[in-house]
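To be precise, the following lines are my_file-v7.cif, and they hold mmCIF, N, CA and C atoms.
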```cif
data_final
loop_
_atom_site.label_atom_id
_atom_site.label_comp_id
_atom_site.auth_asym_id
_atom_site.auth_seq_id
_atom_site.Cartn_x
_atom_site.Cartn_y
_atom_site.Cartn_z
N MET H 147 -11.20 -29.08 36.50
CA MET H 147 -10.70 -28.33 35.40
C MET H 147 -9.19 -28.08 35.48
N LYS H 148 -8.70 -28.09 36.65
CA LYS H 148 -7.28 -27.86 36.80
C LYS H 148 -6.43 -28.95 36.17
N PRO H 149 -6.81 -30.23 36.25
CA PRO H 149 -5.96 -31.24 35.63
C PRO H 149 -5.81 -31.03 34.12
N SER H 150 -6.85 -30.55 33.45
CA SER H 150 -6.73 -30.34 32.01
C SER H 150 -5.83 -29.15 31.71
N THR H 151 -5.80 -28.15 32.61
CA THR H 151 -4.93 -26.99 32.45
C THR H 151 -3.48 -27.40 32.63
N VAL H 152 -3.20 -28.25 33.57
CA VAL H 152 -1.84 -28.71 33.82
C VAL H 152 -1.34 -29.52 32.63
N SER H 153 -2.19 -30.39 32.12
CA SER H 153 -1.75 -31.20 30.99
C SER H 153 -1.53 -30.35 29.74
N ALA H 154 -2.27 -29.26 29.58
CA ALA H 154 -2.08 -28.38 28.44
C ALA H 154 -0.74 -27.65 28.57
N ARG H 155 -0.40 -27.25 29.80
CA ARG H 155 0.90 -26.60 30.02
C ARG H 155 2.05 -27.57 29.76
N ALA H 156 1.86 -28.79 30.17
CA ALA H 156 2.91 -29.80 29.98
C ALA H 156 3.14 -30.04 28.48
N LYS H 157 2.09 -29.98 27.71
CA LYS H 157 2.23 -30.17 26.26
C LYS H 157 2.95 -28.98 25.62
N ASP H 158 2.75 -27.77 26.14
CA ASP H 158 3.39 -26.58 25.59
C ASP H 158 4.89 -26.54 25.87
N ARG H 159 5.31 -27.03 26.98
CA ARG H 159 6.73 -26.95 27.36
C ARG H 159 7.66 -27.66 26.38
N PRO H 160 7.36 -28.89 26.00
CA PRO H 160 8.26 -29.53 25.04
C PRO H 160 8.33 -28.79 23.71
N SER H 161 7.25 -28.23 23.24
CA SER H 161 7.28 -27.53 21.96
C SER H 161 8.08 -26.23 22.09
N LYS H 162 8.02 -25.54 23.24
CA LYS H 162 8.83 -24.34 23.44
C LYS H 162 10.32 -24.71 23.52
N ALA H 163 10.61 -25.79 24.21
CA ALA H 163 12.00 -26.23 24.31
C ALA H 163 12.51 -26.66 22.94
N TRP H 164 11.65 -27.33 22.20
CA TRP H 164 12.04 -27.75 20.85
C TRP H 164 12.30 -26.54 19.96
N GLY H 165 11.50 -25.53 20.04
CA GLY H 165 11.69 -24.30 19.26
C GLY H 165 12.98 -23.59 19.65
N PHE H 166 13.27 -23.52 20.95
CA PHE H 166 14.49 -22.90 21.42
C PHE H 166 15.71 -23.68 20.92
N TYR H 167 15.63 -25.00 21.02
CA TYR H 167 16.72 -25.86 20.55
C TYR H 167 16.94 -25.65 19.04
N LEU H 168 15.88 -25.61 18.28
CA LEU H 168 15.97 -25.42 16.84
C LEU H 168 16.57 -24.04 16.52
N ALA H 169 16.18 -23.02 17.26
CA ALA H 169 16.72 -21.68 17.04
C ALA H 169 18.22 -21.66 17.35
N MET H 170 18.65 -22.32 18.41
CA MET H 170 20.07 -22.35 18.77
C MET H 170 20.89 -23.11 17.73
N VAL H 171 20.37 -24.22 17.25
CA VAL H 171 21.07 -25.00 16.23
C VAL H 171 21.19 -24.18 14.95
N THR H 172 20.11 -23.49 14.58
CA THR H 172 20.13 -22.65 13.39
C THR H 172 21.14 -21.52 13.54
N LEU H 173 21.14 -20.86 14.68
CA LEU H 173 22.08 -19.77 14.93
C LEU H 173 23.52 -20.28 14.89
N PHE H 174 23.77 -21.41 15.53
CA PHE H 174 25.11 -21.99 15.53
C PHE H 174 25.54 -22.34 14.10
N SER H 175 24.61 -22.89 13.31
CA SER H 175 24.93 -23.25 11.93
C SER H 175 25.29 -22.01 11.11
N PHE H 176 24.51 -20.94 11.25
CA PHE H 176 24.81 -19.72 10.52
C PHE H 176 26.14 -19.12 10.94
N LEU H 177 26.42 -19.11 12.22
CA LEU H 177 27.69 -18.58 12.70
C LEU H 177 28.87 -19.41 12.19
N THR H 178 28.71 -20.72 12.19
CA THR H 178 29.76 -21.59 11.69
C THR H 178 29.98 -21.38 10.19
N LEU H 179 28.90 -21.29 9.45
CA LEU H 179 29.03 -21.05 8.01
C LEU H 179 29.67 -19.69 7.74
N PHE H 180 29.30 -18.67 8.50
CA PHE H 180 29.90 -17.35 8.32
C PHE H 180 31.39 -17.40 8.62
N TYR H 181 31.78 -18.08 9.69
CA TYR H 181 33.20 -18.19 10.04
C TYR H 181 33.96 -18.92 8.94
N LEU H 182 33.41 -20.03 8.46
CA LEU H 182 34.09 -20.78 7.41
C LEU H 182 34.20 -19.97 6.12
N TRP H 183 33.14 -19.26 5.75
CA TRP H 183 33.17 -18.43 4.55
C TRP H 183 34.25 -17.36 4.68
N HIS H 184 34.29 -16.71 5.84
CA HIS H 184 35.28 -15.66 6.07
C HIS H 184 36.70 -16.24 6.02
N HIS H 185 36.89 -17.37 6.65
CA HIS H 185 38.21 -18.01 6.68
C HIS H 185 38.66 -18.40 5.27
N ILE H 186 37.78 -18.98 4.49
CA ILE H 186 38.11 -19.37 3.12
C ILE H 186 38.41 -18.13 2.27
N ASP H 187 37.66 -17.07 2.49
CA ASP H 187 37.89 -15.83 1.75
C ASP H 187 39.26 -15.25 2.08
N VAL H 188 39.66 -15.30 3.34
CA VAL H 188 40.98 -14.81 3.74
C VAL H 188 42.07 -15.67 3.11
N LEU H 189 41.88 -16.98 3.08
CA LEU H 189 42.86 -17.87 2.44
C LEU H 189 42.99 -17.56 0.95
N ARG H 190 41.87 -17.34 0.28
CA ARG H 190 41.91 -17.00 -1.14
C ARG H 190 42.66 -15.70 -1.37
N ALA H 191 42.41 -14.72 -0.51
CA ALA H 191 43.11 -13.43 -0.64
C ALA H 191 44.61 -13.63 -0.44
N GLY H 192 44.99 -14.46 0.52
CA GLY H 192 46.40 -14.74 0.75
C GLY H 192 47.06 -15.39 -0.46
N TYR H 193 46.37 -16.36 -1.05
CA TYR H 193 46.92 -17.01 -2.25
C TYR H 193 47.04 -16.01 -3.40
N ARG H 194 46.06 -15.14 -3.53
CA ARG H 194 46.11 -14.13 -4.60
C ARG H 194 47.26 -13.15 -4.38
N ILE H 195 47.49 -12.77 -3.13
CA ILE H 195 48.60 -11.87 -2.82
C ILE H 195 49.93 -12.51 -3.18
N GLU H 196 50.10 -13.78 -2.84
CA GLU H 196 51.34 -14.49 -3.18
C GLU H 196 51.51 -14.60 -4.69
N GLU H 197 50.42 -14.85 -5.39
CA GLU H 197 50.49 -14.93 -6.85
C GLU H 197 50.91 -13.58 -7.44
N LEU H 198 50.36 -12.50 -6.91
CA LEU H 198 50.71 -11.16 -7.40
C LEU H 198 52.15 -10.81 -7.06
N LYS H 199 52.65 -11.24 -5.91
CA LYS H 199 54.05 -11.00 -5.56
C LYS H 199 54.98 -11.70 -6.54
N ARG H 200 54.63 -12.95 -6.90
CA ARG H 200 55.44 -13.67 -7.88
C ARG H 200 55.41 -12.96 -9.23
N GLU H 201 54.24 -12.45 -9.61
CA GLU H 201 54.13 -11.74 -10.88
C GLU H 201 54.94 -10.44 -10.86
N ILE H 202 54.94 -9.74 -9.73
CA ILE H 202 55.74 -8.51 -9.61
C ILE H 202 57.22 -8.83 -9.78
N THR H 203 57.68 -9.89 -9.13
CA THR H 203 59.08 -10.30 -9.25
C THR H 203 59.42 -10.63 -10.70
N LYS H 204 58.51 -11.33 -11.36
CA LYS H 204 58.73 -11.70 -12.77
C LYS H 204 58.80 -10.45 -13.64
N ARG H 205 57.89 -9.51 -13.41
CA ARG H 205 57.87 -8.27 -14.22
C ARG H 205 59.11 -7.43 -13.96
N GLU H 206 59.57 -7.37 -12.72
CA GLU H 206 60.79 -6.61 -12.42
C GLU H 206 61.99 -7.22 -13.14
N SER H 207 62.04 -8.54 -13.19
CA SER H 207 63.11 -9.22 -13.92
C SER H 207 63.04 -8.89 -15.41
N GLU H 208 61.83 -8.91 -15.96
CA GLU H 208 61.66 -8.56 -17.38
C GLU H 208 62.09 -7.12 -17.64
N ILE H 209 61.76 -6.21 -16.72
CA ILE H 209 62.15 -4.81 -16.87
C ILE H 209 63.67 -4.68 -16.91
N GLN H 210 64.35 -5.38 -16.01
CA GLN H 210 65.82 -5.33 -16.00
C GLN H 210 66.41 -5.87 -17.30
N GLN H 211 65.85 -6.97 -17.80
CA GLN H 211 66.33 -7.53 -19.05
C GLN H 211 66.10 -6.56 -20.21
N LEU H 212 64.94 -5.92 -20.23
CA LEU H 212 64.65 -4.98 -21.31
C LEU H 212 65.53 -3.74 -21.23
N GLN H 213 65.82 -3.28 -20.03
CA GLN H 213 66.71 -2.13 -19.89
C GLN H 213 68.12 -2.46 -20.36
N ALA H 214 68.57 -3.67 -20.03
CA ALA H 214 69.90 -4.09 -20.50
C ALA H 214 69.91 -4.19 -22.03
N ARG H 215 68.84 -4.73 -22.59
CA ARG H 215 68.74 -4.84 -24.06
C ARG H 215 68.70 -3.45 -24.69
N LYS H 216 67.98 -2.53 -24.07
CA LYS H 216 67.90 -1.16 -24.59
C LYS H 216 69.28 -0.50 -24.60
N LEU H 217 70.03 -0.66 -23.51
CA LEU H 217 71.37 -0.10 -23.46
C LEU H 217 72.28 -0.71 -24.53
N GLU H 218 72.11 -2.00 -24.73
CA GLU H 218 72.91 -2.67 -25.76
C GLU H 218 72.58 -2.15 -27.15
N LEU H 219 71.31 -1.94 -27.42
CA LEU H 219 70.89 -1.48 -28.75
C LEU H 219 71.25 -0.01 -28.99
N MET H 220 71.39 0.76 -27.93
CA MET H 220 71.67 2.18 -28.08
C MET H 220 73.16 2.52 -28.04
N ARG H 221 74.00 1.52 -27.93
CA ARG H 221 75.44 1.78 -27.95
C ARG H 221 75.82 2.50 -29.23
N LEU H 222 76.64 3.53 -29.11
CA LEU H 222 77.03 4.33 -30.28
C LEU H 222 77.79 3.50 -31.31
N GLU H 223 78.61 2.56 -30.86
CA GLU H 223 79.36 1.73 -31.79
C GLU H 223 78.40 0.91 -32.65
N ARG H 224 77.36 0.40 -32.03
CA ARG H 224 76.39 -0.40 -32.76
C ARG H 224 75.63 0.46 -33.76
N VAL H 225 75.18 1.63 -33.32
CA VAL H 225 74.46 2.54 -34.22
C VAL H 225 75.35 2.94 -35.38
N ASP H 226 76.60 3.25 -35.10
CA ASP H 226 77.54 3.63 -36.16
C ASP H 226 77.73 2.48 -37.15
N SER H 227 77.88 1.28 -36.63
CA SER H 227 78.07 0.10 -37.48
C SER H 227 76.85 -0.11 -38.38
N ILE H 228 75.67 -0.01 -37.83
CA ILE H 228 74.44 -0.21 -38.63
C ILE H 228 74.32 0.89 -39.69
N SER H 229 74.61 2.12 -39.28
CA SER H 229 74.47 3.22 -40.25
C SER H 229 75.45 3.06 -41.42
N ARG H 230 76.64 2.56 -41.16
CA ARG H 230 77.62 2.38 -42.24
C ARG H 230 77.32 1.14 -43.09
N ASP H 231 77.05 0.00 -42.41
CA ASP H 231 76.90 -1.27 -43.13
C ASP H 231 75.54 -1.43 -43.80
N LYS H 232 74.49 -1.22 -43.06
CA LYS H 232 73.16 -1.50 -43.61
C LYS H 232 72.58 -0.31 -44.37
N LEU H 233 72.82 0.88 -43.87
CA LEU H 233 72.22 2.06 -44.49
C LEU H 233 73.17 2.76 -45.46
N LYS H 234 74.38 2.27 -45.55
CA LYS H 234 75.39 2.80 -46.47
C LYS H 234 75.65 4.29 -46.26
N MET H 235 75.66 4.71 -45.03
CA MET H 235 75.96 6.11 -44.72
C MET H 235 77.46 6.28 -44.59
N VAL H 236 77.92 7.49 -44.82
CA VAL H 236 79.34 7.80 -44.69
C VAL H 236 79.50 8.97 -43.75
N LYS H 237 80.69 9.08 -43.17
CA LYS H 237 80.97 10.21 -42.30
C LYS H 237 81.04 11.49 -43.13
N VAL H 238 80.54 12.55 -42.58
CA VAL H 238 80.52 13.83 -43.28
C VAL H 238 81.84 14.54 -43.05
N ASP H 239 82.36 15.10 -44.12
CA ASP H 239 83.57 15.90 -44.01
C ASP H 239 83.18 17.26 -43.43
N PRO H 240 83.81 17.67 -42.36
CA PRO H 240 83.43 18.93 -41.73
C PRO H 240 83.54 20.14 -42.67
N LYS H 241 84.35 20.04 -43.70
CA LYS H 241 84.51 21.16 -44.63
C LYS H 241 83.28 21.31 -45.54
N THR H 242 82.53 20.22 -45.76
CA THR H 242 81.38 20.29 -46.64
C THR H 242 80.10 20.69 -45.92
N VAL H 243 80.14 20.77 -44.63
CA VAL H 243 78.96 21.14 -43.86
C VAL H 243 78.85 22.65 -43.80
N ILE H 244 77.70 23.17 -44.16
CA ILE H 244 77.46 24.61 -44.10
C ILE H 244 76.56 24.88 -42.91
N ARG H 245 77.02 25.67 -42.02
CA ARG H 245 76.26 25.97 -40.80
C ARG H 245 75.51 27.28 -40.96
N GLU H 246 74.51 27.45 -40.17
CA GLU H 246 73.67 28.64 -40.24
C GLU H 246 74.46 29.90 -39.92
N GLU H 247 75.40 29.79 -38.99
CA GLU H 247 76.22 30.95 -38.63
C GLU H 247 77.04 31.42 -39.84
N GLN H 248 77.48 30.47 -40.65
CA GLN H 248 78.26 30.82 -41.83
C GLN H 248 77.42 31.55 -42.86
N LEU H 249 76.14 31.17 -42.98
CA LEU H 249 75.25 31.82 -43.93
C LEU H 249 74.91 33.24 -43.49
N ASP H 250 74.77 33.46 -42.18
CA ASP H 250 74.47 34.80 -41.67
C ASP H 250 75.64 35.74 -41.84
N GLY H 251 76.85 35.23 -41.83
CA GLY H 251 78.06 36.03 -41.92
C GLY H 251 78.34 36.52 -43.34
N ARG H 252 77.61 36.12 -44.32
CA ARG H 252 77.88 36.51 -45.70
C ARG H 252 77.80 37.97 -45.92
#
```
Would you write out, as structure tokens, the structure that this file holds?
Amino acid sequence: MKPSTVSARAKDRPSKAWGFYLAMVTLFSFLTLFYLWHHIDVLRAGYRIEELKREITKRESEIQQLQARKLELMRLERVDSISRDKLKMVKVDPKTVIREEQLDGR
């Protein structure tokens, strides 16, 4: 009876080794896939950060241009010119202006 017991044990050993080998290959595959996924995710984040930095630089440039345009449009000489030419406004004679203090003094 012992020879049949030995042969049964011998048959079990390769299947246990095969299972261990399969488990190790599976574990290695999952670890490799996790590392690659993480690495690719970090690369994508880096590219996104660089894209956002370029956009920030672009927006800051636009802000500077708009501020310069705003200052140009708000110049008093320009406002005065538009009010006279396009809106047909005239300068007020200080003698024709009635102030509130003058009305109270009556």
Computed interatomic separation between atom N of H:Lys232 and atom C of H:Ala214 (Å): 21.7 Å
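Going from atom CA of H:Glu206 over to atom CA of H:Arg221, you cover 22.9 Å.
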As a ChimeraX atom specification, please: every residue in chain H that a backbone DSSP assignment puts in alpha helix (DSSP H). /H:148-219,222-231,246-250
